[in-house]
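Q: TSV, C-alpha atoms, saved as target_13.tsv, coming up:
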```tsv
chain	number	residue	atom	x	y	z
A	1	MET	CA	119.93	-126.17	232.09
A	2	ARG	CA	123.12	-128.04	231.27
A	3	PRO	CA	124.12	-125.87	228.26
A	4	LEU	CA	123.62	-122.76	230.40
A	5	LEU	CA	125.92	-124.12	233.10
A	6	GLU	CA	128.52	-124.99	230.49
A	7	LEU	CA	128.31	-121.46	229.09
A	8	MET	CA	128.73	-120.01	232.57
A	9	GLU	CA	131.80	-122.18	233.13
A	10	GLU	CA	133.23	-121.06	229.79
A	11	TRP	CA	132.85	-117.39	230.70
A	12	ALA	CA	133.99	-117.85	234.32
A	13	PRO	CA	137.50	-116.39	233.80
A	14	GLN	CA	136.14	-113.21	232.22
A	15	MET	CA	133.49	-112.85	234.92
A	16	GLU	CA	136.12	-113.34	237.59
A	17	GLN	CA	138.34	-110.62	236.11
A	18	ALA	CA	135.46	-108.15	235.82
A	19	ALA	CA	134.36	-108.86	239.39
A	20	VAL	CA	137.92	-108.33	240.61
A	21	VAL	CA	138.17	-104.89	238.96
A	22	PHE	CA	134.80	-103.72	240.29
A	23	SER	CA	135.55	-105.14	243.74
A	24	LEU	CA	138.87	-103.31	243.96
A	25	LEU	CA	137.13	-100.08	243.05
A	26	TYR	CA	134.54	-100.79	245.74
A	27	VAL	CA	137.08	-101.26	248.53
A	28	PHE	CA	139.21	-98.31	247.46
A	29	LEU	CA	136.22	-95.97	247.30
A	30	ALA	CA	134.85	-97.30	250.60
A	31	ALA	CA	138.17	-96.57	252.29
A	32	ARG	CA	137.92	-93.05	250.86
A	33	ARG	CA	134.32	-92.79	252.12
A	34	SER	CA	132.96	-92.27	248.60
A	35	ILE	CA	129.32	-93.24	248.16
A	36	TRP	CA	130.14	-94.49	244.65
A	37	CYS	CA	131.71	-97.56	246.24
A	38	TRP	CA	128.22	-99.05	246.49
A	39	LEU	CA	127.66	-98.85	242.71
A	40	PHE	CA	130.81	-100.82	241.94
A	41	GLY	CA	130.16	-103.15	244.86
A	42	GLY	CA	126.72	-103.94	243.46
A	43	LEU	CA	128.10	-104.68	239.99
A	44	ALA	CA	130.86	-106.91	241.38
A	45	SER	CA	128.37	-108.76	243.55
A	46	ALA	CA	125.93	-109.41	240.72
A	47	ILE	CA	128.71	-110.98	238.64
A	48	SER	CA	129.95	-112.99	241.62
A	49	VAL	CA	126.53	-114.53	242.25
A	50	VAL	CA	126.80	-116.32	238.91
A	51	LEU	CA	130.50	-117.10	239.21
A	52	PHE	CA	130.38	-118.82	242.59
A	53	PHE	CA	127.35	-120.85	241.62
A	54	THR	CA	129.32	-122.36	238.75
A	55	VAL	CA	132.15	-123.53	241.07
A	56	LYS	CA	129.75	-124.97	243.69
A	57	LEU	CA	130.44	-122.43	246.43
A	58	TYR	CA	126.74	-122.03	247.08
A	59	ALA	CA	126.98	-120.13	250.33
A	60	GLU	CA	129.35	-117.67	248.68
A	61	SER	CA	126.90	-117.29	245.79
A	62	ALA	CA	124.07	-116.56	248.22
A	63	LEU	CA	126.34	-114.17	250.09
A	64	TYR	CA	126.98	-112.10	246.98
A	65	LEU	CA	123.26	-111.99	246.28
A	66	PHE	CA	122.96	-110.47	249.73
A	67	TYR	CA	125.72	-108.01	248.78
A	68	VAL	CA	123.61	-106.79	245.86
A	69	VAL	CA	120.85	-105.91	248.32
A	70	MET	CA	123.37	-104.38	250.73
A	71	ALA	CA	124.74	-102.19	247.95
A	72	VAL	CA	121.32	-100.57	247.67
A	73	TYR	CA	121.02	-100.30	251.46
A	74	GLY	CA	124.53	-98.90	251.81
A	75	TRP	CA	123.91	-96.24	249.17
A	76	TRP	CA	120.72	-95.23	250.96
A	77	GLN	CA	122.40	-95.14	254.40
A	78	TRP	CA	125.39	-93.12	253.26
A	79	SER	CA	123.33	-90.67	251.22
A	80	LYS	CA	120.93	-89.72	254.01
A	81	ALA	CA	123.48	-88.83	256.71
A	82	ARG	CA	126.11	-86.69	255.02
A	83	GLY	CA	127.48	-83.52	256.54
A	84	ASP	CA	128.40	-80.18	255.03
A	85	ASP	CA	131.71	-81.61	253.83
A	86	GLY	CA	129.90	-84.35	251.90
A	87	ASN	CA	131.01	-87.06	254.33
A	88	PHE	CA	129.19	-89.02	257.02
A	89	ARG	CA	130.11	-89.37	260.68
A	90	ILE	CA	132.09	-92.51	261.50
A	91	VAL	CA	130.91	-94.29	264.65
A	92	GLU	CA	132.33	-97.04	266.85
A	93	TRP	CA	130.64	-99.81	268.80
A	94	ARG	CA	131.08	-100.78	272.42
A	95	THR	CA	132.81	-104.07	273.26
A	96	ASP	CA	129.57	-105.79	274.25
A	97	ARG	CA	128.12	-105.20	270.79
A	98	HIS	CA	131.17	-106.79	269.18
A	99	VAL	CA	130.93	-109.80	271.48
A	100	LEU	CA	127.25	-110.20	270.60
A	101	LEU	CA	128.01	-109.88	266.88
A	102	ILE	CA	130.77	-112.52	267.03
A	103	VAL	CA	128.62	-114.96	269.01
A	104	VAL	CA	125.59	-114.58	266.73
A	105	SER	CA	127.70	-114.80	263.55
A	106	GLY	CA	129.52	-117.85	264.88
A	107	ILE	CA	126.29	-119.66	265.77
A	108	ALA	CA	124.81	-118.77	262.38
A	109	GLY	CA	127.99	-120.02	260.71
A	110	ILE	CA	127.77	-123.38	262.48
A	111	GLY	CA	124.15	-123.72	261.43
A	112	LEU	CA	124.98	-122.88	257.82
A	113	PHE	CA	127.88	-125.35	257.91
A	114	SER	CA	125.48	-128.12	258.94
A	115	LEU	CA	123.11	-127.28	256.11
A	116	LEU	CA	125.85	-127.15	253.51
A	117	SER	CA	127.33	-130.44	254.68
A	118	GLU	CA	124.03	-132.31	254.61
A	119	LEU	CA	122.17	-130.77	251.69
A	120	THR	CA	124.82	-129.79	249.12
A	121	ASP	CA	128.04	-130.96	247.54
A	122	ALA	CA	129.79	-127.80	248.73
A	123	GLU	CA	133.56	-127.83	248.98
A	124	LEU	CA	135.10	-126.64	252.28
A	125	PRO	CA	131.69	-126.07	253.88
A	126	PHE	CA	132.97	-124.84	257.26
A	127	ALA	CA	135.21	-122.09	255.88
A	128	ASP	CA	132.55	-121.27	253.29
A	129	ALA	CA	129.90	-120.90	256.01
A	130	MET	CA	132.00	-118.83	258.41
A	131	THR	CA	133.19	-116.38	255.78
A	132	THR	CA	129.58	-116.02	254.68
A	133	THR	CA	128.06	-115.18	258.06
A	134	PHE	CA	130.87	-112.91	259.21
A	135	SER	CA	130.94	-111.14	255.84
A	136	ILE	CA	127.24	-110.38	256.21
A	137	ALA	CA	127.92	-108.87	259.63
A	138	ALA	CA	130.91	-106.86	258.41
A	139	THR	CA	129.04	-105.51	255.38
A	140	PHE	CA	126.25	-104.31	257.64
A	141	MET	CA	128.90	-102.54	259.74
A	142	VAL	CA	130.24	-100.78	256.63
A	143	ALA	CA	126.75	-99.58	255.74
A	144	ARG	CA	126.29	-98.34	259.32
A	145	LYS	CA	129.68	-96.54	259.17
A	146	VAL	CA	131.25	-98.51	262.04
A	147	LEU	CA	135.02	-97.97	262.26
A	148	SER	CA	135.99	-101.50	263.27
A	149	ASN	CA	134.34	-103.11	260.24
A	150	TRP	CA	137.83	-103.07	258.72
A	151	ILE	CA	139.21	-105.30	261.48
A	152	TYR	CA	136.61	-107.93	260.61
A	153	TRP	CA	137.44	-107.62	256.92
A	154	ILE	CA	141.15	-108.17	257.51
A	155	ALA	CA	140.40	-111.53	259.15
A	156	ILE	CA	137.72	-112.52	256.61
A	157	ASP	CA	139.85	-111.61	253.59
A	158	ALA	CA	142.88	-113.48	254.91
A	159	LEU	CA	140.80	-116.66	255.30
A	160	SER	CA	139.25	-116.13	251.87
A	161	VAL	CA	142.69	-116.11	250.22
A	162	TRP	CA	143.09	-119.76	251.17
A	163	LEU	CA	139.46	-120.63	250.41
A	164	TYR	CA	139.53	-119.28	246.86
A	165	TYR	CA	143.00	-120.57	246.06
A	166	THR	CA	142.01	-124.13	246.91
A	167	ARG	CA	139.04	-123.85	244.52
A	168	GLY	CA	141.21	-122.70	241.62
A	169	LEU	CA	139.98	-119.09	241.67
A	170	ASP	CA	143.42	-117.57	241.36
A	171	TYR	CA	142.21	-114.08	240.51
A	172	PHE	CA	139.87	-114.05	243.48
A	173	ALA	CA	142.62	-115.36	245.75
A	174	LEU	CA	144.83	-112.50	244.59
A	175	LEU	CA	141.91	-110.13	245.07
A	176	MET	CA	141.46	-111.26	248.67
A	177	LEU	CA	145.17	-110.75	249.29
A	178	LEU	CA	144.85	-107.20	247.98
A	179	TYR	CA	141.66	-106.79	250.02
A	180	THR	CA	143.56	-107.65	253.19
A	181	GLY	CA	146.01	-104.84	252.57
A	182	MET	CA	143.28	-102.43	251.50
A	183	ALA	CA	141.24	-103.27	254.60
A	184	ALA	CA	144.24	-102.28	256.70
A	185	TYR	CA	144.46	-99.06	254.67
A	186	GLY	CA	140.74	-98.46	255.17
A	187	PHE	CA	141.06	-98.90	258.92
A	188	VAL	CA	143.93	-96.41	259.10
A	189	GLN	CA	142.01	-93.87	256.99
A	190	TRP	CA	138.75	-94.20	258.88
A	191	ARG	CA	140.46	-94.12	262.28
A	192	LYS	CA	142.31	-90.93	261.34
A	193	GLU	CA	139.10	-89.28	260.19
A	194	TYR	CA	137.15	-90.64	263.17
A	195	ARG	CA	139.61	-88.98	265.54
A	196	ALA	CA	139.54	-85.75	263.54
A	197	GLN	CA	135.75	-85.45	263.45
A	198	GLU	CA	134.33	-82.25	264.84
A	199	PRO	CA	132.35	-82.72	268.06
A	200	LEU	CA	128.61	-82.57	267.66
A	201	PRO	CA	127.41	-78.96	267.71
A	202	GLU	CA	126.49	-77.49	271.05
A	203	PRO	CA	122.89	-76.40	271.50
A	204	GLU	CA	122.30	-72.69	271.13
A	205	GLU	CA	121.95	-70.66	274.28
A	206	PRO	CA	118.30	-69.92	275.01
A	207	GLU	CA	117.07	-66.36	275.02
A	208	ASN	CA	117.05	-64.97	278.54
A	209	HIS	CA	113.55	-64.07	279.71
A	210	GLY	CA	114.40	-63.32	283.32
A	211	ASP	CA	116.71	-64.04	286.22
A	212	PRO	CA	117.34	-67.77	286.56
A	213	LYS	CA	115.86	-69.42	289.64
A	214	PRO	CA	117.33	-72.24	291.74
A	215	VAL	CA	117.18	-75.75	290.34
A	216	VAL	CA	116.04	-78.97	292.00
A	217	VAL	CA	117.32	-82.08	290.22
A	218	ILE	CA	115.52	-85.41	290.45
A	219	THR	CA	118.11	-88.09	289.87
A	220	GLY	CA	118.87	-91.77	290.34
A	221	PRO	CA	119.34	-95.00	288.37
A	222	GLU	CA	117.05	-96.03	285.55
A	223	CYS	CA	113.45	-96.90	286.37
A	224	SER	CA	113.50	-95.32	289.82
A	225	GLY	CA	110.47	-93.06	289.37
A	226	LYS	CA	112.27	-89.85	288.38
A	227	THR	CA	109.93	-88.72	285.60
A	228	THR	CA	106.77	-89.51	287.56
A	229	LEU	CA	108.06	-87.53	290.54
A	230	ALA	CA	109.10	-84.59	288.35
A	231	LYS	CA	105.64	-84.38	286.79
A	232	ASP	CA	103.89	-84.67	290.17
A	233	LEU	CA	106.02	-81.96	291.78
A	234	SER	CA	105.63	-79.62	288.84
A	235	LYS	CA	101.87	-80.03	288.96
A	236	ALA	CA	101.70	-79.57	292.73
A	237	THR	CA	103.97	-76.50	292.89
A	238	PHE	CA	103.07	-74.86	289.56
A	239	GLN	CA	106.77	-74.66	288.75
A	240	PRO	CA	108.21	-75.64	285.34
A	241	TRP	CA	110.15	-78.85	284.89
A	242	ALA	CA	112.89	-79.74	282.43
A	243	GLU	CA	112.21	-83.05	280.73
A	244	GLU	CA	114.90	-85.71	280.40
A	245	GLN	CA	116.65	-85.14	277.06
A	246	ALA	CA	118.35	-88.52	276.73
A	247	ARG	CA	115.26	-90.44	275.65
A	248	ALA	CA	114.33	-88.20	272.73
A	249	TYR	CA	117.96	-88.06	271.62
A	250	LEU	CA	118.46	-91.83	271.66
A	251	GLU	CA	115.16	-92.52	269.90
A	252	GLN	CA	116.38	-90.50	266.91
A	253	LEU	CA	119.90	-91.95	266.93
A	254	GLU	CA	120.49	-94.45	264.12
A	255	GLN	CA	123.61	-96.08	265.55
A	256	PRO	CA	124.93	-97.01	269.00
A	257	TYR	CA	125.67	-93.97	271.12
A	258	THR	CA	129.22	-92.69	271.49
A	259	SER	CA	131.04	-90.46	273.95
A	260	ASP	CA	130.19	-87.46	271.77
A	261	ASP	CA	126.51	-88.38	272.00
A	262	LEU	CA	126.57	-88.48	275.80
A	263	VAL	CA	128.34	-85.12	275.98
A	264	ASN	CA	125.72	-83.69	273.67
A	265	ILE	CA	122.90	-85.13	275.80
A	266	ALA	CA	124.37	-83.47	278.90
A	267	ARG	CA	124.54	-80.13	277.09
A	268	MET	CA	120.95	-80.47	275.94
A	269	GLN	CA	119.85	-81.27	279.49
A	270	LEU	CA	121.59	-78.18	280.82
A	271	GLU	CA	119.91	-76.09	278.13
A	272	ALA	CA	116.50	-77.44	279.11
A	273	ILE	CA	117.29	-76.70	282.76
A	274	ARG	CA	118.31	-73.12	281.96
A	275	GLN	CA	115.11	-72.54	280.04
A	276	SER	CA	112.99	-73.87	282.91
A	277	SER	CA	114.98	-71.87	285.44
A	278	GLN	CA	114.27	-68.64	283.55
A	279	ARG	CA	110.53	-69.35	283.50
A	280	ALA	CA	110.27	-70.35	287.15
A	281	ALA	CA	108.83	-68.18	289.90
A	282	LEU	CA	110.44	-70.03	292.83
A	283	PHE	CA	112.55	-72.89	291.49
A	284	ALA	CA	112.84	-75.16	288.47
A	285	ILE	CA	112.58	-78.94	288.57
A	286	SER	CA	114.70	-81.11	286.32
A	287	ASP	CA	114.24	-84.76	285.44
A	288	THR	CA	117.96	-85.68	285.69
A	289	GLY	CA	121.10	-83.56	285.33
A	290	PRO	CA	124.64	-84.01	284.03
A	291	GLU	CA	125.44	-86.35	286.93
A	292	VAL	CA	123.29	-89.03	285.26
A	293	VAL	CA	125.22	-88.76	282.01
A	294	LEU	CA	128.55	-88.76	283.83
A	295	LEU	CA	127.82	-92.03	285.66
A	296	TRP	CA	126.32	-93.47	282.47
A	297	HIS	CA	129.55	-92.71	280.60
A	298	ARG	CA	131.72	-94.23	283.33
A	299	ASP	CA	129.63	-97.39	283.41
A	300	LYS	CA	129.29	-98.00	279.67
A	301	LEU	CA	132.14	-96.19	277.92
A	302	GLY	CA	134.82	-95.69	280.56
A	303	PRO	CA	136.24	-92.52	282.14
A	304	GLU	CA	134.29	-89.41	281.23
A	305	PRO	CA	135.83	-86.72	278.99
A	306	PRO	CA	136.88	-83.43	280.62
A	307	ALA	CA	133.92	-81.57	279.09
A	308	LEU	CA	131.42	-83.87	280.78
A	309	ARG	CA	133.23	-83.75	284.11
A	310	ALA	CA	133.29	-79.94	283.94
A	311	MET	CA	129.55	-79.78	283.26
A	312	HIS	CA	128.85	-81.80	286.40
A	313	GLU	CA	131.30	-79.90	288.59
A	314	GLN	CA	130.10	-76.47	287.48
A	315	PHE	CA	126.41	-77.30	287.78
A	316	THR	CA	125.24	-76.50	291.31
A	317	PRO	CA	121.55	-77.17	291.93
A	318	VAL	CA	120.19	-76.25	295.35
A	319	LEU	CA	118.92	-79.78	295.94
A	320	TYR	CA	119.09	-83.31	294.57
A	321	LEU	CA	116.16	-85.66	295.11
A	322	LEU	CA	117.84	-89.06	294.81
A	323	CYS	CA	115.28	-91.73	293.93
A	324	ARG	CA	115.81	-95.19	295.35
A	325	PRO	CA	114.98	-98.02	292.88
A	326	ASP	CA	112.47	-99.70	295.20
A	327	ILE	CA	109.69	-99.78	292.62
A	328	PRO	CA	108.98	-102.57	290.09
A	329	TYR	CA	111.18	-102.54	287.01
A	330	GLU	CA	109.40	-101.73	283.74
A	331	GLU	CA	110.83	-103.09	280.51
A	332	ASP	CA	112.00	-100.46	278.04
A	333	PRO	CA	114.21	-100.92	274.95
A	334	LEU	CA	116.35	-97.94	275.99
A	335	ARG	CA	117.07	-99.30	279.47
A	336	GLU	CA	120.22	-101.37	279.92
A	337	ASP	CA	120.60	-102.54	283.53
A	338	PRO	CA	117.48	-104.12	285.05
A	339	HIS	CA	119.50	-106.09	287.62
A	340	ARG	CA	122.02	-103.43	288.67
A	341	ARG	CA	119.77	-100.64	289.92
A	342	ASP	CA	120.84	-100.98	293.56
A	343	GLU	CA	124.51	-101.03	292.58
A	344	LEU	CA	124.06	-97.91	290.45
A	345	PHE	CA	122.12	-96.21	293.26
A	346	GLU	CA	125.20	-96.53	295.47
A	347	GLN	CA	127.27	-94.92	292.73
A	348	TYR	CA	124.90	-91.94	292.79
A	349	ARG	CA	125.25	-91.76	296.55
A	350	ALA	CA	129.01	-91.69	296.29
A	351	LEU	CA	129.06	-89.09	293.52
A	352	LEU	CA	126.70	-86.71	295.35
A	353	LYS	CA	127.98	-87.26	298.90
A	354	ASP	CA	129.21	-83.65	299.20
A	355	ARG	CA	126.07	-82.09	297.73
A	356	PRO	CA	122.63	-81.37	299.21
A	357	VAL	CA	120.70	-84.61	298.76
A	358	VAL	CA	117.39	-85.96	300.01
A	359	GLU	CA	116.75	-89.63	299.32
A	360	ILE	CA	113.28	-90.50	298.04
A	361	SER	CA	111.69	-93.93	298.43
A	362	GLY	CA	108.44	-95.76	299.05
A	363	THR	CA	105.10	-95.61	297.29
A	364	ARG	CA	104.20	-92.81	294.92
A	365	LYS	CA	102.31	-91.02	297.69
A	366	GLU	CA	105.22	-91.42	300.12
A	367	ARG	CA	107.67	-90.19	297.52
A	368	ASN	CA	105.59	-87.10	296.80
A	369	GLN	CA	105.22	-86.33	300.50
A	370	SER	CA	108.97	-86.64	301.15
A	371	ALA	CA	109.81	-84.51	298.14
A	372	MET	CA	107.24	-81.83	299.04
A	373	MET	CA	108.62	-81.59	302.57
A	374	ALA	CA	112.09	-81.07	301.11
A	375	LEU	CA	110.80	-78.35	298.76
A	376	VAL	CA	108.91	-76.58	301.55
A	377	GLY	CA	112.08	-76.53	303.60
A	378	LEU	CA	113.97	-75.19	300.61
A	379	VAL	CA	111.54	-72.30	300.10
A	380	ARG	CA	111.51	-71.48	303.82
A	381	GLY	CA	115.29	-71.56	303.90
A	382	ASP	CA	115.50	-74.38	306.44
```
So, in terms of structure tokens, how does the structure I just supplied come out?
A:
Amino acid sequence: MRPLLELMEEWAPQMEQAAVVFSLLYVFLAARRSIWCWLFGGLASAISVVLFFTVKLYAESALYLFYVVMAVYGWWQWSKARGDDGNFRIVEWRTDRHVLLIVVSGIAGIGLFSLLSELTDAELPFADAMTTTFSIAATFMVARKVLSNWIYWIAIDALSVWLYYTRGLDYFALLMLLYTGMAAYGFVQWRKEYRAQEPLPEPEEPENHGDPKPVVVITGPECSGKTTLAKDLSKATFQPWAEEQARAYLEQLEQPYTSDDLVNIARMQLEAIRQSSQRAALFAISDTGPEVVLLWHRDKLGPEPPALRAMHEQFTPVLYLLCRPDIPYEEDPLREDPHRRDELFEQYRALLKDRPVVEISGTRKERNQSAMMALVGLVRGD
């Protein structure tokens, strides 16, 4: 074992130089959104595993072993979601996801620091541990095409300049200095392309099979019985119902939803409503409408874009059945606010105050009775 370690130490300068070249190619190609960045990143990481082991930066060595795996994962992720122009869509995370990432990475870093301090002869264990855990998080963000990954890399690379310089890895210290500048370049490039991305395509207009009929929208906060009521009313009245489109859309989404996603969901919901309206004999029933997406956007992403506001304002159903959240909450990975249903219900009230609304509450039987009375009055013209 000893001769092998001595040989590794002898070749350390050459390995360092090769890793630097491949690493620079990786960052440059990543900033340009070229999938070939993962090939050079994998080569640089494989060399770095050996190099850092020889200088007793064990966490860094383990980190670069992880990078080898991430190079394969990154190649796979980028290759499966490319558009007609050969590029992938850049996404961005909400603030709460960043807070969660920082907290989890920080806790993991403290745990790794404790292990390195007690079980190894690692130099600078705290800085070593923190750069390791946050680098893992940032690399995952690159693979998932998250814009702000570059902000994390600017901070990580700046700290790594000092870490490597103190361990005598001059080439790697210089590399990290270059990385810091290239990360800033990557952020500028990705942000420019993120802002220039085409909106997601609008759903095609359905073929018209008849005059559209009035629409009754069942709405309200999450887990307030909307879908159950829509199914019950459709079955009782023999009228078609438009299913909620958000669930199917989110289940197929591979990254956190964005403003574009919510606009697209609203468009898909309106398409489903139009199709149901054309099939209906008396009226169509819809499990939610654009008002749900509008309030969702305001609550999670901030002020809604003009396109979403216009969809809500121009959509004029003959009746809203506003479901009160007075039923037990059911856990669901797509639901986000188990303790704010009453607060959100008041937001629905305020948004729909100038529209025809009947509030629905009580047991399932009571809800169905109240809704049926409202529908009977609608048909009779009351």
Q: Each residue of range 18-109 of chain A lying at most 9 Å from range 169-180 of chain A should get a row with its shortest atom-to-atom pair and the distance in Å to one decimal, counting all atoms listed in the file; could you produce that, ordered by chain and increasing number, as a Markdown table?
A:
```
| residue | atom | partner | partner_atom | distance |
| --- | --- | --- | --- | --- |
| A:Ala19 | CA | A:Phe172 | CA | 8.6 |
| A:Val20 | CA | A:Leu175 | CA | 6.2 |
| A:Val21 | CA | A:Leu175 | CA | 8.9 |
| A:Ser23 | CA | A:Leu175 | CA | 8.2 |
| A:Leu24 | CA | A:Tyr179 | CA | 7.5 |
| A:Val27 | CA | A:Tyr179 | CA | 7.3 |
```
Q: Within 7 Å of (114.0, -74.0, 278.8), all atoms listed in the file: residues as a ChimeraX atom specification?
A: /A:242,271-276
Q: Range 90-98 of chain A: which residues within 10 Å, counting only C-alpha atoms, same-chain residues fewer than 3 positions away excluded, as a VMD selection string?
A: chain A and resid 33 87 101 to 104 141 to 142 144 to 149 190 to 191 193 to 195 197 255 to 260 300 to 301
Q: Would you work out the distance separating CA of Ile151 in chain A from CA of Phe66 in chain A, expressed in Å to one decimal?
A: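 Separation between CA of Ile151 in chain A and CA of Phe66 in chain A: 20.7 Å.
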Q: Pick out the closest residue to Asp354 in chain A from this set: A:Leu29, A:Leu308, A:Leu282, A:Leu319. Count all atoms listed in the file.
A: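 Ranking A:Leu29, A:Leu308, A:Leu282, A:Leu319 by distance to Asp354 in chain A, first place goes to A:Leu319.
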Q: By how many Å are CA of Leu116 in chain A and CA of Lys56 in chain A apart?
A: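 Separation of CA of Leu116 in chain A and CA of Lys56 in chain A: 10.8 Å.
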Q: Identify the residues within 10 Å of coordinate (116.2, -86.1, 276.9) (same frame as the file), considering all atoms listed in the file, and give the answer as a PDB file with C-alpha atoms, in the coordinates of the input.
A:
```
ATOM      1  CA  ALA A 242     112.890 -79.740 282.430  1.00  0.00           C
ATOM      2  CA  GLU A 243     112.210 -83.050 280.730  1.00  0.00           C
ATOM      3  CA  GLU A 244     114.900 -85.710 280.400  1.00  0.00           C
ATOM      4  CA  GLN A 245     116.650 -85.140 277.060  1.00  0.00           C
ATOM      5  CA  ALA A 246     118.350 -88.520 276.730  1.00  0.00           C
ATOM      6  CA  ARG A 247     115.260 -90.440 275.650  1.00  0.00           C
ATOM      7  CA  ALA A 248     114.330 -88.200 272.730  1.00  0.00           C
ATOM      8  CA  TYR A 249     117.960 -88.060 271.620  1.00  0.00           C
ATOM      9  CA  LEU A 250     118.460 -91.830 271.660  1.00  0.00           C
ATOM     10  CA  GLU A 251     115.160 -92.520 269.900  1.00  0.00           C
ATOM     11  CA  ILE A 265     122.900 -85.130 275.800  1.00  0.00           C
ATOM     12  CA  ALA A 266     124.370 -83.470 278.900  1.00  0.00           C
ATOM     13  CA  MET A 268     120.950 -80.470 275.940  1.00  0.00           C
ATOM     14  CA  GLN A 269     119.850 -81.270 279.490  1.00  0.00           C
ATOM     15  CA  ALA A 272     116.500 -77.440 279.110  1.00  0.00           C
ATOM     16  CA  ASP A 287     114.240 -84.760 285.440  1.00  0.00           C
ATOM     17  CA  THR A 288     117.960 -85.680 285.690  1.00  0.00           C
TER      18      THR A 288
END
```
Q: Under the rule that all atoms listed in the file are counted, which of A:Ser234, A:Gln314, A:Asn264, A:Ser79 is the nearest residue to Ala281 in chain A?
A: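 With all atoms listed in the file as the atom set, the closest residue is A:Ser234.
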Q: To one decimal place in Å, what is the distance between CA of Ala196 in chain A and CA of Gln77 in chain A?
A: 21.6 Å
Q: Rank nothing, just name the residue among A:Phe113, A:Val318, A:Asp261, A:Arg32 nearest to His297 in chain A, using all atoms listed in the file.
A: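 For His297 in chain A, the nearest of the given residues is A:Asp261.
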Q: Between A:Arg380, A:Gln278, A:Glu222, A:Gly302, which has the minimum distance to Asp332 in chain A (counting all atoms listed in the file)?
A: A:Glu222
Q: Which one is closest to Ala374 in chain A: A:Leu100, A:Val292, A:Leu124, A:Leu233? Count all atoms listed in the file.
A: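 Ranked by minimum distance to Ala374 in chain A, first place goes to A:Leu233.
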Q: Counting only C-alpha atoms, what is within 9 Å of Tyr67 in chain A, bar same-chain residues fewer than 2 positions away, as a PyMOL selection string?
A: chain A and resi 41-42+45-46+62-65+69-72+136+139
Q: Extract, using all atoms listed in the file, all DNA, RNA and protein residues at most 10 Å from Met311 in chain A, discarding same-chain residues fewer than 6 positions from it, and format them as a ChimeraX atom specification.
A: /A:263,266-267,270,289-291,294
Q: Any idea what's packed within 12 Å of Leu351 in chain A, counting only C-alpha atoms, ignoring anything in its chain fewer than 3 positions away? Could you give it as a list in words?
A: Thr219, Gly220, Pro290, Glu291, Val292, Leu294, Leu295, Arg298, Arg309, His312, Glu313, Tyr320, Leu322, Leu344, Phe345, Glu346, Gln347, Tyr348, Asp354, Arg355, Pro356 and Val357 of chain A
Q: For each of A:Leu119, A:Ile360, A:Ile154, A:Leu352, take the minimum atom-to-atom distance to Thr131 in chain A, counting only C-alpha atoms, then give the residue where this is smallest.
A: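 When distances to Thr131 in chain A are compared using only C-alpha atoms, the smallest one comes from A:Ile154.
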